[in-house]
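As stored in work-v2.csv (CSV, N, CA and C atoms and all ligand atoms):
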chain,number,residue,atom,x,y,z
W,4,MET,N,99.3,6.0,29.3
W,4,MET,CA,99.2,5.5,27.9
W,4,MET,C,98.0,6.0,27.3
W,5,ILE,N,96.9,5.9,28.0
W,5,ILE,CA,95.6,6.4,27.5
W,5,ILE,C,95.7,7.9,27.2
W,6,ILE,N,96.3,8.6,28.1
W,6,ILE,CA,96.4,10.1,27.9
W,6,ILE,C,97.2,10.4,26.7
W,7,ARG,N,98.3,9.7,26.5
W,7,ARG,CA,99.1,9.9,25.3
W,7,ARG,C,98.3,9.7,24.0
W,8,THR,N,97.5,8.6,24.0
W,8,THR,CA,96.7,8.3,22.9
W,8,THR,C,95.7,9.4,22.6
W,9,LEU,N,95.1,9.9,23.7
W,9,LEU,CA,94.1,11.0,23.5
W,9,LEU,C,94.7,12.3,23.0
W,10,VAL,N,96.0,12.6,23.5
W,10,VAL,CA,96.7,13.7,22.9
W,10,VAL,C,96.9,13.6,21.5
W,11,ALA,N,97.4,12.4,21.1
W,11,ALA,CA,97.6,12.1,19.7
W,11,ALA,C,96.4,12.3,18.8
W,12,LEU,N,95.3,11.8,19.3
W,12,LEU,CA,94.0,11.9,18.6
W,12,LEU,C,93.6,13.4,18.5
W,13,ALA,N,93.8,14.1,19.6
W,13,ALA,CA,93.4,15.5,19.6
W,13,ALA,C,94.2,16.3,18.6
W,14,LEU,N,95.5,16.0,18.5
W,14,LEU,CA,96.4,16.6,17.5
W,14,LEU,C,96.0,16.3,16.1
W,15,ALA,N,95.6,15.0,15.9
W,15,ALA,CA,95.2,14.6,14.6
W,15,ALA,C,93.9,15.3,14.2
W,16,ALA,N,93.0,15.5,15.1
W,16,ALA,CA,91.8,16.2,14.8
W,16,ALA,C,92.1,17.6,14.5
W,17,LEU,N,93.0,18.2,15.2
W,17,LEU,CA,93.3,19.6,15.0
W,17,LEU,C,93.9,19.8,13.6
W,18,ALA,N,94.8,18.9,13.2
W,18,ALA,CA,95.4,18.9,11.9
W,18,ALA,C,94.4,18.8,10.8
W,19,ALA,N,93.5,17.9,11.0
W,19,ALA,CA,92.4,17.7,10.0
W,19,ALA,C,91.6,18.9,9.9
W,20,SER,N,91.2,19.5,11.0
W,20,SER,CA,90.3,20.7,10.9
W,20,SER,C,91.1,21.9,10.3
W,21,ALA,N,92.4,22.0,10.5
W,21,ALA,CA,93.2,23.0,9.9
W,21,ALA,C,93.2,22.9,8.4
W,22,CYS,N,93.2,21.6,7.9
W,22,CYS,CA,93.2,21.4,6.5
W,22,CYS,C,91.8,21.8,5.9
W,23,THR,N,90.7,21.4,6.5
W,23,THR,CA,89.4,21.7,5.9
W,23,THR,C,89.0,23.1,6.1
W,24,THR,N,89.6,23.9,7.0
W,24,THR,CA,89.2,25.3,7.1
W,24,THR,C,90.2,26.2,6.5
W,25,ALA,N,91.1,25.7,5.7
W,25,ALA,CA,92.1,26.6,5.0
W,25,ALA,C,91.3,27.6,4.2
W,26,SER,N,91.6,28.9,4.4
W,26,SER,CA,90.8,29.9,3.8
W,26,SER,C,91.3,30.2,2.4
W,27,ALA,N,90.5,30.8,1.6
W,27,ALA,CA,90.8,31.1,0.2
W,27,ALA,C,92.1,32.0,0.1
W,28,ALA,N,92.3,32.8,1.2
W,28,ALA,CA,93.5,33.6,1.2
W,28,ALA,C,94.8,32.8,1.2
W,29,GLN,N,94.7,31.6,1.6
W,29,GLN,CA,96.0,30.8,1.7
W,29,GLN,C,96.2,30.0,0.3
W,30,LEU,N,95.3,30.1,-0.6
W,30,LEU,CA,95.5,29.5,-1.9
W,30,LEU,C,96.5,30.2,-2.7
W,31,PRO,N,97.1,29.5,-3.6
W,31,PRO,CA,98.1,30.2,-4.5
W,31,PRO,C,97.5,31.1,-5.5
W,32,THR,N,98.3,32.2,-5.8
W,32,THR,CA,97.9,33.2,-6.8
W,32,THR,C,98.8,33.1,-8.0
W,33,HIS,N,99.8,32.2,-8.0
W,33,HIS,CA,100.6,32.0,-9.1
W,33,HIS,C,100.6,30.5,-9.4
W,34,ILE,N,100.1,30.2,-10.6
W,34,ILE,CA,99.9,28.8,-11.0
W,34,ILE,C,100.7,28.5,-12.3
W,35,GLY,N,101.5,27.4,-12.3
W,35,GLY,CA,102.2,27.0,-13.5
W,35,GLY,C,101.5,25.8,-14.0
W,36,ILE,N,101.2,25.8,-15.3
W,36,ILE,CA,100.6,24.6,-16.0
W,36,ILE,C,101.5,24.3,-17.2
W,37,ARG,N,102.0,23.0,-17.2
W,37,ARG,CA,102.8,22.6,-18.3
W,37,ARG,C,102.0,21.6,-19.2
W,38,ILE,N,102.2,21.8,-20.4
W,38,ILE,CA,101.6,20.9,-21.4
W,38,ILE,C,102.7,20.0,-22.0
W,39,HIS,N,102.4,18.7,-21.9
W,39,HIS,CA,103.4,17.7,-22.4
W,39,HIS,C,102.6,16.5,-22.9
W,40,TYR,N,103.0,16.1,-24.1
W,40,TYR,CA,102.3,15.0,-24.8
W,40,TYR,C,100.8,15.3,-24.8
W,41,SER,N,100.4,16.5,-25.1
W,41,SER,CA,99.0,16.9,-25.2
W,41,SER,C,98.2,16.7,-24.0
W,42,HIS,N,98.8,16.9,-22.8
W,42,HIS,CA,98.1,16.9,-21.6
W,42,HIS,C,98.5,18.0,-20.7
W,43,PHE,N,97.6,18.6,-19.9
W,43,PHE,CA,98.0,19.5,-18.9
W,43,PHE,C,98.5,18.8,-17.7
W,44,ASP,N,99.6,19.3,-17.1
W,44,ASP,CA,100.2,18.5,-15.9
W,44,ASP,C,99.4,18.7,-14.7
W,45,GLN,N,98.4,19.6,-14.6
W,45,GLN,CA,97.5,19.6,-13.5
W,45,GLN,C,96.1,20.0,-14.0
W,46,THR,N,95.1,19.3,-13.5
W,46,THR,CA,93.8,19.4,-14.0
W,46,THR,C,92.7,19.8,-13.0
W,47,LYS,N,93.2,19.9,-11.7
W,47,LYS,CA,92.3,20.4,-10.7
W,47,LYS,C,93.0,21.4,-9.8
W,48,ILE,N,92.6,22.7,-10.0
W,48,ILE,CA,93.3,23.8,-9.3
W,48,ILE,C,92.4,24.7,-8.5
W,49,ASP,N,92.6,24.9,-7.3
W,49,ASP,CA,91.8,25.8,-6.4
W,49,ASP,C,92.5,27.1,-6.4
W,50,VAL,N,91.7,28.2,-6.6
W,50,VAL,CA,92.2,29.6,-6.6
W,50,VAL,C,91.2,30.4,-5.7
W,51,PRO,N,91.8,31.5,-5.1
W,51,PRO,CA,90.9,32.4,-4.4
W,51,PRO,C,90.1,33.3,-5.3
W,52,MET,N,88.9,33.7,-4.9
W,52,MET,CA,88.1,34.6,-5.7
W,52,MET,C,88.6,36.1,-5.4
W,53,GLY,N,88.5,36.9,-6.4
W,53,GLY,CA,88.6,38.4,-6.2
W,53,GLY,C,90.0,38.9,-6.1
W,54,VAL,N,91.0,38.1,-6.4
W,54,VAL,CA,92.4,38.6,-6.4
W,54,VAL,C,93.0,38.1,-7.7
W,55,PRO,N,94.0,38.9,-8.3
W,55,PRO,CA,94.6,38.5,-9.5
W,55,PRO,C,95.3,37.2,-9.4
W,56,ILE,N,95.1,36.3,-10.3
W,56,ILE,CA,95.7,35.0,-10.4
W,56,ILE,C,96.6,35.0,-11.7
W,57,THR,N,97.9,34.7,-11.5
W,57,THR,CA,98.7,34.7,-12.7
W,57,THR,C,99.0,33.2,-13.1
W,58,PHE,N,98.7,32.9,-14.3
W,58,PHE,CA,99.0,31.5,-14.8
W,58,PHE,C,100.2,31.6,-15.8
W,59,THR,N,101.1,30.8,-15.5
W,59,THR,CA,102.2,30.6,-16.4
W,59,THR,C,102.0,29.3,-17.2
W,60,LEU,N,101.9,29.4,-18.5
W,60,LEU,CA,101.5,28.3,-19.4
W,60,LEU,C,102.7,27.9,-20.2
W,61,ILE,N,103.1,26.7,-20.1
W,61,ILE,CA,104.3,26.2,-20.7
W,61,ILE,C,103.9,25.1,-21.7
W,62,ASN,N,104.2,25.4,-23.0
W,62,ASN,CA,103.9,24.3,-24.0
W,62,ASN,C,105.2,23.6,-24.3
W,63,ASP,N,105.4,22.4,-23.8
W,63,ASP,CA,106.6,21.6,-24.0
W,63,ASP,C,106.5,20.8,-25.3
W,64,ASP,N,105.4,20.9,-26.1
W,64,ASP,CA,105.2,20.0,-27.2
W,64,ASP,C,105.6,20.7,-28.5
W,65,PRO,N,105.9,19.9,-29.5
W,65,PRO,CA,106.3,20.5,-30.8
W,65,PRO,C,105.1,20.9,-31.7
W,66,ILE,N,104.0,21.0,-31.1
W,66,ILE,CA,102.8,21.3,-31.8
W,66,ILE,C,102.0,22.5,-31.1
W,67,ASP,N,101.1,23.2,-31.8
W,67,ASP,CA,100.3,24.2,-31.2
W,67,ASP,C,99.3,23.7,-30.2
W,68,HIS,N,99.1,24.5,-29.2
W,68,HIS,CA,98.0,24.2,-28.3
W,68,HIS,C,97.4,25.6,-27.9
W,69,GLU,N,96.3,25.5,-27.2
W,69,GLU,CA,95.7,26.7,-26.6
W,69,GLU,C,95.1,26.5,-25.3
W,70,TRP,N,95.0,27.5,-24.5
W,70,TRP,CA,94.4,27.5,-23.1
W,70,TRP,C,93.3,28.4,-23.1
W,71,LEU,N,92.1,27.9,-23.1
W,71,LEU,CA,90.9,28.7,-23.0
W,71,LEU,C,90.1,28.4,-21.7
W,72,ILE,N,89.9,29.4,-20.9
W,72,ILE,CA,89.2,29.2,-19.7
W,72,ILE,C,87.9,29.9,-19.7
W,73,GLY,N,86.8,29.2,-19.2
W,73,GLY,CA,85.5,29.9,-19.1
W,73,GLY,C,84.4,28.9,-18.7
W,74,ASP,N,83.2,29.3,-18.8
W,74,ASP,CA,82.1,28.5,-18.4
W,74,ASP,C,81.6,27.6,-19.5
W,75,GLU,N,80.6,26.8,-19.3
W,75,GLU,CA,80.1,25.9,-20.3
W,75,GLU,C,79.7,26.6,-21.6
W,76,ALA,N,79.0,27.7,-21.5
W,76,ALA,CA,78.5,28.5,-22.7
W,76,ALA,C,79.7,29.0,-23.5
W,77,PHE,N,80.8,29.4,-22.8
W,77,PHE,CA,82.0,29.9,-23.5
W,77,PHE,C,82.6,28.8,-24.3
W,78,HIS,N,82.7,27.6,-23.7
W,78,HIS,CA,83.3,26.4,-24.4
W,78,HIS,C,82.4,25.9,-25.5
W,79,ALA,N,81.1,26.0,-25.3
W,79,ALA,CA,80.2,25.6,-26.4
W,79,ALA,C,80.5,26.5,-27.7
W,80,ARG,N,80.7,27.8,-27.4
W,80,ARG,CA,81.0,28.7,-28.6
W,80,ARG,C,82.3,28.3,-29.2
W,81,HIS,N,83.3,28.0,-28.4
W,81,HIS,CA,84.6,27.7,-28.9
W,81,HIS,C,84.7,26.4,-29.6
W,82,ARG,N,83.9,25.4,-29.2
W,82,ARG,CA,83.8,24.1,-29.9
W,82,ARG,C,83.3,24.3,-31.3
W,83,ALA,N,82.4,25.2,-31.5
W,83,ALA,CA,81.8,25.5,-32.8
W,83,ALA,C,82.6,26.6,-33.5
W,84,GLY,N,83.5,27.2,-32.9
W,84,GLY,CA,84.2,28.4,-33.4
W,84,GLY,C,85.1,28.1,-34.6
W,85,THR,N,85.5,29.2,-35.3
W,85,THR,CA,86.4,29.1,-36.4
W,85,THR,C,87.6,29.9,-36.2
W,86,GLU,N,87.7,30.5,-35.0
W,86,GLU,CA,88.9,31.4,-34.7
W,86,GLU,C,90.1,30.5,-34.5
W,87,ALA,N,91.1,30.7,-35.4
W,87,ALA,CA,92.3,29.8,-35.4
W,87,ALA,C,93.3,30.2,-34.3
W,88,VAL,N,93.4,31.5,-34.1
W,88,VAL,CA,94.4,32.0,-33.2
W,88,VAL,C,93.8,32.9,-32.1
W,89,HIS,N,94.2,32.7,-30.9
W,89,HIS,CA,93.8,33.6,-29.8
W,89,HIS,C,95.0,34.3,-29.3
W,90,GLY,N,94.7,35.1,-28.3
W,90,GLY,CA,95.9,35.8,-27.7
W,90,GLY,C,95.6,37.2,-27.3
W,91,ASP,N,94.5,37.8,-27.7
W,91,ASP,CA,94.3,39.2,-27.3
W,91,ASP,C,93.3,39.3,-26.1
W,92,ARG,N,92.9,38.1,-25.5
W,92,ARG,CA,92.1,38.2,-24.3
W,92,ARG,C,92.8,37.3,-23.2
W,93,PRO,N,92.7,37.8,-22.0
W,93,PRO,CA,93.5,37.1,-20.9
W,93,PRO,C,93.0,35.6,-20.7
W,94,ASN,N,91.8,35.3,-21.1
W,94,ASN,CA,91.3,34.0,-20.8
W,94,ASN,C,91.4,33.1,-22.1
W,95,GLU,N,92.1,33.6,-23.1
W,95,GLU,CA,92.2,32.8,-24.4
W,95,GLU,C,93.7,33.0,-24.8
W,96,VAL,N,94.5,32.0,-24.6
W,96,VAL,CA,95.9,32.1,-24.9
W,96,VAL,C,96.3,31.0,-25.9
W,97,SER,N,96.9,31.5,-27.0
W,97,SER,CA,97.5,30.6,-28.0
W,97,SER,C,98.9,30.3,-27.6
W,98,LEU,N,99.2,29.0,-27.8
W,98,LEU,CA,100.6,28.5,-27.3
W,98,LEU,C,101.3,27.8,-28.5
W,99,PRO,N,102.0,28.5,-29.3
W,99,PRO,CA,102.8,27.9,-30.3
W,99,PRO,C,103.8,26.9,-29.7
W,100,PRO,N,104.4,26.0,-30.5
W,100,PRO,CA,105.3,25.0,-30.0
W,100,PRO,C,106.4,25.6,-29.1
W,101,PHE,N,106.7,25.0,-28.0
W,101,PHE,CA,107.8,25.4,-27.1
W,101,PHE,C,107.8,26.8,-26.7
W,102,THR,N,106.6,27.3,-26.3
W,102,THR,CA,106.5,28.7,-25.8
W,102,THR,C,106.0,28.7,-24.4
W,103,VAL,N,106.3,29.8,-23.7
W,103,VAL,CA,105.8,30.0,-22.4
W,103,VAL,C,105.1,31.4,-22.4
W,104,LYS,N,103.9,31.4,-21.9
W,104,LYS,CA,103.1,32.6,-21.8
W,104,LYS,C,102.5,32.8,-20.5
W,105,THR,N,102.3,34.0,-20.1
W,105,THR,CA,101.7,34.3,-18.8
W,105,THR,C,100.5,35.2,-19.0
W,106,THR,N,99.5,34.8,-18.2
W,106,THR,CA,98.2,35.6,-18.3
W,106,THR,C,97.7,35.8,-16.9
W,107,THR,N,97.0,36.9,-16.6
W,107,THR,CA,96.5,37.2,-15.3
W,107,THR,C,95.0,37.4,-15.3
W,108,LEU,N,94.3,36.7,-14.5
W,108,LEU,CA,92.8,36.8,-14.4
W,108,LEU,C,92.4,37.0,-13.0
W,109,THR,N,91.3,37.7,-12.8
W,109,THR,CA,90.7,37.9,-11.5
W,109,THR,C,89.3,37.3,-11.6
W,110,PHE,N,89.0,36.3,-10.8
W,110,PHE,CA,87.7,35.6,-10.9
W,110,PHE,C,86.7,36.3,-9.9
W,111,ASP,N,85.6,36.7,-10.4
W,111,ASP,CA,84.7,37.5,-9.5
W,111,ASP,C,83.5,36.7,-9.0
W,112,LYS,N,83.4,35.4,-9.4
W,112,LYS,CA,82.3,34.5,-9.0
W,112,LYS,C,82.9,33.2,-8.5
W,113,PRO,N,82.3,32.6,-7.4
W,113,PRO,CA,82.8,31.3,-7.0
W,113,PRO,C,82.3,30.2,-7.9
W,114,GLY,N,83.0,29.1,-7.9
W,114,GLY,CA,82.5,27.9,-8.6
W,114,GLY,C,83.5,27.5,-9.6
W,115,PRO,N,83.2,26.4,-10.4
W,115,PRO,CA,84.2,25.8,-11.3
W,115,PRO,C,84.2,26.5,-12.7
W,116,LEU,N,85.4,26.7,-13.2
W,116,LEU,CA,85.5,27.1,-14.6
W,116,LEU,C,86.4,26.0,-15.3
W,117,THR,N,86.2,25.8,-16.5
W,117,THR,CA,87.0,24.7,-17.2
W,117,THR,C,88.0,25.4,-18.1
W,118,PHE,N,89.2,24.8,-18.2
W,118,PHE,CA,90.1,25.2,-19.2
W,118,PHE,C,90.4,24.0,-20.2
W,119,ILE,N,90.3,24.4,-21.5
W,119,ILE,CA,90.3,23.3,-22.5
W,119,ILE,C,91.2,23.8,-23.7
W,120,CYS,N,91.9,22.9,-24.4
W,120,CYS,CA,92.5,23.2,-25.7
W,120,CYS,C,91.5,22.7,-26.7
W,121,HIS,N,91.1,23.7,-27.5
W,121,HIS,CA,90.0,23.4,-28.5
W,121,HIS,C,90.6,23.0,-29.9
W,122,PHE,N,91.8,22.7,-30.0
W,122,PHE,CA,92.3,22.2,-31.3
W,122,PHE,C,91.7,20.9,-31.6
W,123,PRO,N,91.5,20.5,-32.8
W,123,PRO,CA,90.7,19.3,-33.2
W,123,PRO,C,91.2,18.1,-32.4
W,124,GLN,N,90.3,17.4,-31.7
W,124,GLN,CA,90.6,16.2,-31.0
W,124,GLN,C,91.3,16.4,-29.7
W,125,HIS,N,91.8,17.6,-29.4
W,125,HIS,CA,92.6,17.7,-28.2
W,125,HIS,C,91.8,17.6,-26.9
W,126,GLU,N,90.6,18.1,-26.9
W,126,GLU,CA,89.7,18.0,-25.8
W,126,GLU,C,89.4,16.5,-25.6
W,127,ALA,N,89.0,15.8,-26.6
W,127,ALA,CA,88.7,14.4,-26.5
W,127,ALA,C,89.9,13.6,-26.0
W,128,TYR,N,91.1,14.0,-26.4
W,128,TYR,CA,92.3,13.3,-26.0
W,128,TYR,C,92.6,13.6,-24.5
W,129,GLY,N,92.0,14.6,-23.9
W,129,GLY,CA,92.2,14.8,-22.5
W,129,GLY,C,92.7,16.2,-22.1
W,130,MET,N,92.7,17.1,-23.0
W,130,MET,CA,93.3,18.5,-22.7
W,130,MET,C,92.2,19.3,-22.0
W,131,VAL,N,91.8,18.9,-20.8
W,131,VAL,CA,90.7,19.5,-20.0
W,131,VAL,C,91.2,19.6,-18.6
W,132,GLY,N,90.8,20.7,-17.9
W,132,GLY,CA,91.1,20.9,-16.5
W,132,GLY,C,90.1,21.8,-15.9
W,133,VAL,N,90.1,21.8,-14.6
W,133,VAL,CA,89.1,22.6,-13.9
W,133,VAL,C,89.8,23.6,-12.9
W,134,VAL,N,89.4,24.8,-12.9
W,134,VAL,CA,89.8,25.8,-11.9
W,134,VAL,C,88.6,26.0,-11.0
W,135,MET,N,88.8,25.7,-9.7
W,135,MET,CA,87.7,25.9,-8.7
W,135,MET,C,87.9,27.2,-8.0
W,136,VAL,N,87.1,28.2,-8.2
W,136,VAL,CA,87.2,29.5,-7.6
W,136,VAL,C,86.5,29.5,-6.2
W,137,LYS,N,87.3,29.7,-5.2
W,137,LYS,CA,86.9,29.6,-3.8
W,137,LYS,C,86.5,31.0,-3.2
W,138,PRO,N,85.4,31.1,-2.6
W,138,PRO,CA,85.0,32.4,-2.0
W,138,PRO,C,85.9,32.8,-0.8
Q,1,CU,CU,96.1,21.1,-27.6

Starting from the file, give its structure as structure tokens.
Amino acid sequence: MIIRTLVALALAALAASACTTASAAQLPTHIGIRIHYSHFDQTKIDVPMGVPITFTLINDDPIDHEWLIGDEAFHARHRAGTEAVHGDRPNEVSLPPFTVKTTTLTFDKPGPLTFICHFPQHEAYGMVGVVMVKP
């Protein structure tokens, strides 16, 4: 009985260590983010550094949104910005009502980046998420 318990504990420890040592190579490179009722359906996403990550962005709402990803300085510029429409840069995607767009980005530095919809009041309403780039 004691041996059986020890084996179970050892297996549990092995499973736990397997989870914590998951390498960046095992992280997904295709991410789907759905917008519904002015919220992103996922707001914490881990991605590997240095490989192309494809984001499929789905606007399920009858209003415009946008998906802008960058660091704090980038978002400070966009909060103050007057650019109404984005779409010519892979990290700035305009999403008209009921549209699906795909963009591909390769992150070359580890750490967090934030994605935000900068339409008036949307950030305050909760249209914010974080992509954590893992080395
Ligand atoms: Cu929005």

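A straight line drawn from atom CA of W:Ala79 to atom CA of W:Thr117 is 11.5 Å long.
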
key: Point-to-point distance from atom N of W:Pro51 to atom N of W:Asp64, Å rounded to tenths   = 27.2 Å

request  = Can you work out which one of W:Val136, W:Ala83, W:Leu108, W:Val103 has the shortest atom-to-atom distance to W:Pro123, counting only C-alpha atoms?
outcome  = W:Ala83

task = Write out as a PyMOL selection string each polymer residue whose atoms come within 7 Å of W:Phe118, counting only N, CA and C atoms; drop sequence neighbours fewer than 4 positions from it.
result = chain W and resi 70-73+130-134

Would you output that residue set with N, CA and C atoms, as a PDB file, keeping the file's coordinate frame?
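So the final result, stored in result.pdb, reads:
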ATOM      1  N   TRP W  70      95.000  27.500 -24.500  1.00  0.00           N
ATOM      2  CA  TRP W  70      94.400  27.500 -23.100  1.00  0.00           C
ATOM      3  C   TRP W  70      93.300  28.400 -23.100  1.00  0.00           C
ATOM      4  N   LEU W  71      92.100  27.900 -23.100  1.00  0.00           N
ATOM      5  CA  LEU W  71      90.900  28.700 -23.000  1.00  0.00           C
ATOM      6  C   LEU W  71      90.100  28.400 -21.700  1.00  0.00           C
ATOM      7  N   ILE W  72      89.900  29.400 -20.900  1.00  0.00           N
ATOM      8  CA  ILE W  72      89.200  29.200 -19.700  1.00  0.00           C
ATOM      9  C   ILE W  72      87.900  29.900 -19.700  1.00  0.00           C
ATOM     10  N   GLY W  73      86.800  29.200 -19.200  1.00  0.00           N
ATOM     11  CA  GLY W  73      85.500  29.900 -19.100  1.00  0.00           C
ATOM     12  C   GLY W  73      84.400  28.900 -18.700  1.00  0.00           C
ATOM     13  N   MET W 130      92.700  17.100 -23.000  1.00  0.00           N
ATOM     14  CA  MET W 130      93.300  18.500 -22.700  1.00  0.00           C
ATOM     15  C   MET W 130      92.200  19.300 -22.000  1.00  0.00           C
ATOM     16  N   VAL W 131      91.800  18.900 -20.800  1.00  0.00           N
ATOM     17  CA  VAL W 131      90.700  19.500 -20.000  1.00  0.00           C
ATOM     18  C   VAL W 131      91.200  19.600 -18.600  1.00  0.00           C
ATOM     19  N   GLY W 132      90.800  20.700 -17.900  1.00  0.00           N
ATOM     20  CA  GLY W 132      91.100  20.900 -16.500  1.00  0.00           C
ATOM     21  C   GLY W 132      90.100  21.800 -15.900  1.00  0.00           C
ATOM     22  N   VAL W 133      90.100  21.800 -14.600  1.00  0.00           N
ATOM     23  CA  VAL W 133      89.100  22.600 -13.900  1.00  0.00           C
ATOM     24  C   VAL W 133      89.800  23.600 -12.900  1.00  0.00           C
ATOM     25  N   VAL W 134      89.400  24.800 -12.900  1.00  0.00           N
ATOM     26  CA  VAL W 134      89.800  25.800 -11.900  1.00  0.00           C
ATOM     27  C   VAL W 134      88.600  26.000 -11.000  1.00  0.00           C
TER      28      VAL W 134
END

request  = Select, counting all atoms listed in the file, all protein, DNA and RNA residues no farther than 7 Å from (83.7, 25.5, -3.1) in file coordinates, and express the selection as a PyMOL selection string.
outcome  = chain W and resi 113-114+135-138

Chain W residues near ligand CU 1 (chain Q) within 8 Å, closest pair each, using only N, CA and C atoms and all ligand atoms, as JSON lines:
{"residue": "W:Tyr40", "atom": "C", "partner": "Q:CU1", "partner_atom": "CU", "distance": 8.0}
{"residue": "W:Ser41", "atom": "CA", "partner": "Q:CU1", "partner_atom": "CU", "distance": 5.6}
{"residue": "W:His42", "atom": "N", "partner": "Q:CU1", "partner_atom": "CU", "distance": 6.9}
{"residue": "W:Ile66", "atom": "C", "partner": "Q:CU1", "partner_atom": "CU", "distance": 7.0}
{"residue": "W:Asp67", "atom": "C", "partner": "Q:CU1", "partner_atom": "CU", "distance": 4.9}
{"residue": "W:His68", "atom": "CA", "partner": "Q:CU1", "partner_atom": "CU", "distance": 3.7}
{"residue": "W:Glu69", "atom": "N", "partner": "Q:CU1", "partner_atom": "CU", "distance": 4.4}
{"residue": "W:Trp70", "atom": "N", "partner": "Q:CU1", "partner_atom": "CU", "distance": 7.2}
{"residue": "W:Ile119", "atom": "C", "partner": "Q:CU1", "partner_atom": "CU", "distance": 6.8}
{"residue": "W:Cys120", "atom": "CA", "partner": "Q:CU1", "partner_atom": "CU", "distance": 4.6}
{"residue": "W:His121", "atom": "N", "partner": "Q:CU1", "partner_atom": "CU", "distance": 5.6}
{"residue": "W:Phe122", "atom": "N", "partner": "Q:CU1", "partner_atom": "CU", "distance": 5.2}
{"residue": "W:Pro123", "atom": "N", "partner": "Q:CU1", "partner_atom": "CU", "distance": 7.0}
{"residue": "W:Gln124", "atom": "C", "partner": "Q:CU1", "partner_atom": "CU", "distance": 7.0}
{"residue": "W:His125", "atom": "CA", "partner": "Q:CU1", "partner_atom": "CU", "distance": 4.9}
{"residue": "W:Glu126", "atom": "N", "partner": "Q:CU1", "partner_atom": "CU", "distance": 6.3}
{"residue": "W:Met130", "atom": "CA", "partner": "Q:CU1", "partner_atom": "CU", "distance": 6.2}

Would you save the residues of that selection, restricted to N, CA and C atoms, as a PDB file, keeping the file's coordinate frame?
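So the final result, stored in again-v8.pdb, reads:
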ATOM      1  N   TYR W  40     103.000  16.100 -24.100  1.00  0.00           N
ATOM      2  CA  TYR W  40     102.300  15.000 -24.800  1.00  0.00           C
ATOM      3  C   TYR W  40     100.800  15.300 -24.800  1.00  0.00           C
ATOM      4  N   SER W  41     100.400  16.500 -25.100  1.00  0.00           N
ATOM      5  CA  SER W  41      99.000  16.900 -25.200  1.00  0.00           C
ATOM      6  C   SER W  41      98.200  16.700 -24.000  1.00  0.00           C
ATOM      7  N   HIS W  42      98.800  16.900 -22.800  1.00  0.00           N
ATOM      8  CA  HIS W  42      98.100  16.900 -21.600  1.00  0.00           C
ATOM      9  C   HIS W  42      98.500  18.000 -20.700  1.00  0.00           C
ATOM     10  N   ILE W  66     104.000  21.000 -31.100  1.00  0.00           N
ATOM     11  CA  ILE W  66     102.800  21.300 -31.800  1.00  0.00           C
ATOM     12  C   ILE W  66     102.000  22.500 -31.100  1.00  0.00           C
ATOM     13  N   ASP W  67     101.100  23.200 -31.800  1.00  0.00           N
ATOM     14  CA  ASP W  67     100.300  24.200 -31.200  1.00  0.00           C
ATOM     15  C   ASP W  67      99.300  23.700 -30.200  1.00  0.00           C
ATOM     16  N   HIS W  68      99.100  24.500 -29.200  1.00  0.00           N
ATOM     17  CA  HIS W  68      98.000  24.200 -28.300  1.00  0.00           C
ATOM     18  C   HIS W  68      97.400  25.600 -27.900  1.00  0.00           C
ATOM     19  N   GLU W  69      96.300  25.500 -27.200  1.00  0.00           N
ATOM     20  CA  GLU W  69      95.700  26.700 -26.600  1.00  0.00           C
ATOM     21  C   GLU W  69      95.100  26.500 -25.300  1.00  0.00           C
ATOM     22  N   TRP W  70      95.000  27.500 -24.500  1.00  0.00           N
ATOM     23  CA  TRP W  70      94.400  27.500 -23.100  1.00  0.00           C
ATOM     24  C   TRP W  70      93.300  28.400 -23.100  1.00  0.00           C
ATOM     25  N   ILE W 119      90.300  24.400 -21.500  1.00  0.00           N
ATOM     26  CA  ILE W 119      90.300  23.300 -22.500  1.00  0.00           C
ATOM     27  C   ILE W 119      91.200  23.800 -23.700  1.00  0.00           C
ATOM     28  N   CYS W 120      91.900  22.900 -24.400  1.00  0.00           N
ATOM     29  CA  CYS W 120      92.500  23.200 -25.700  1.00  0.00           C
ATOM     30  C   CYS W 120      91.500  22.700 -26.700  1.00  0.00           C
ATOM     31  N   HIS W 121      91.100  23.700 -27.500  1.00  0.00           N
ATOM     32  CA  HIS W 121      90.000  23.400 -28.500  1.00  0.00           C
ATOM     33  C   HIS W 121      90.600  23.000 -29.900  1.00  0.00           C
ATOM     34  N   PHE W 122      91.800  22.700 -30.000  1.00  0.00           N
ATOM     35  CA  PHE W 122      92.300  22.200 -31.300  1.00  0.00           C
ATOM     36  C   PHE W 122      91.700  20.900 -31.600  1.00  0.00           C
ATOM     37  N   PRO W 123      91.500  20.500 -32.800  1.00  0.00           N
ATOM     38  CA  PRO W 123      90.700  19.300 -33.200  1.00  0.00           C
ATOM     39  C   PRO W 123      91.200  18.100 -32.400  1.00  0.00           C
ATOM     40  N   GLN W 124      90.300  17.400 -31.700  1.00  0.00           N
ATOM     41  CA  GLN W 124      90.600  16.200 -31.000  1.00  0.00           C
ATOM     42  C   GLN W 124      91.300  16.400 -29.700  1.00  0.00           C
ATOM     43  N   HIS W 125      91.800  17.600 -29.400  1.00  0.00           N
ATOM     44  CA  HIS W 125      92.600  17.700 -28.200  1.00  0.00           C
ATOM     45  C   HIS W 125      91.800  17.600 -26.900  1.00  0.00           C
ATOM     46  N   GLU W 126      90.600  18.100 -26.900  1.00  0.00           N
ATOM     47  CA  GLU W 126      89.700  18.000 -25.800  1.00  0.00           C
ATOM     48  C   GLU W 126      89.400  16.500 -25.600  1.00  0.00           C
ATOM     49  N   MET W 130      92.700  17.100 -23.000  1.00  0.00           N
ATOM     50  CA  MET W 130      93.300  18.500 -22.700  1.00  0.00           C
ATOM     51  C   MET W 130      92.200  19.300 -22.000  1.00  0.00           C
TER      52      MET W 130
END

inquiry  = For a test of reading the model, state the distance in Å between atom CA of W:Arg80 and atom CA of W:Thr107, rounded to one decimal.
reply    = 22.1 Å

message = Using DSSP assignments from the backbone, pull out every residue in stretch 14-78 of chain W that falls under alpha helix (DSSP H) and give it to me as an MDAnalysis selection string.
response = chainID W and resid 14:23 75:78
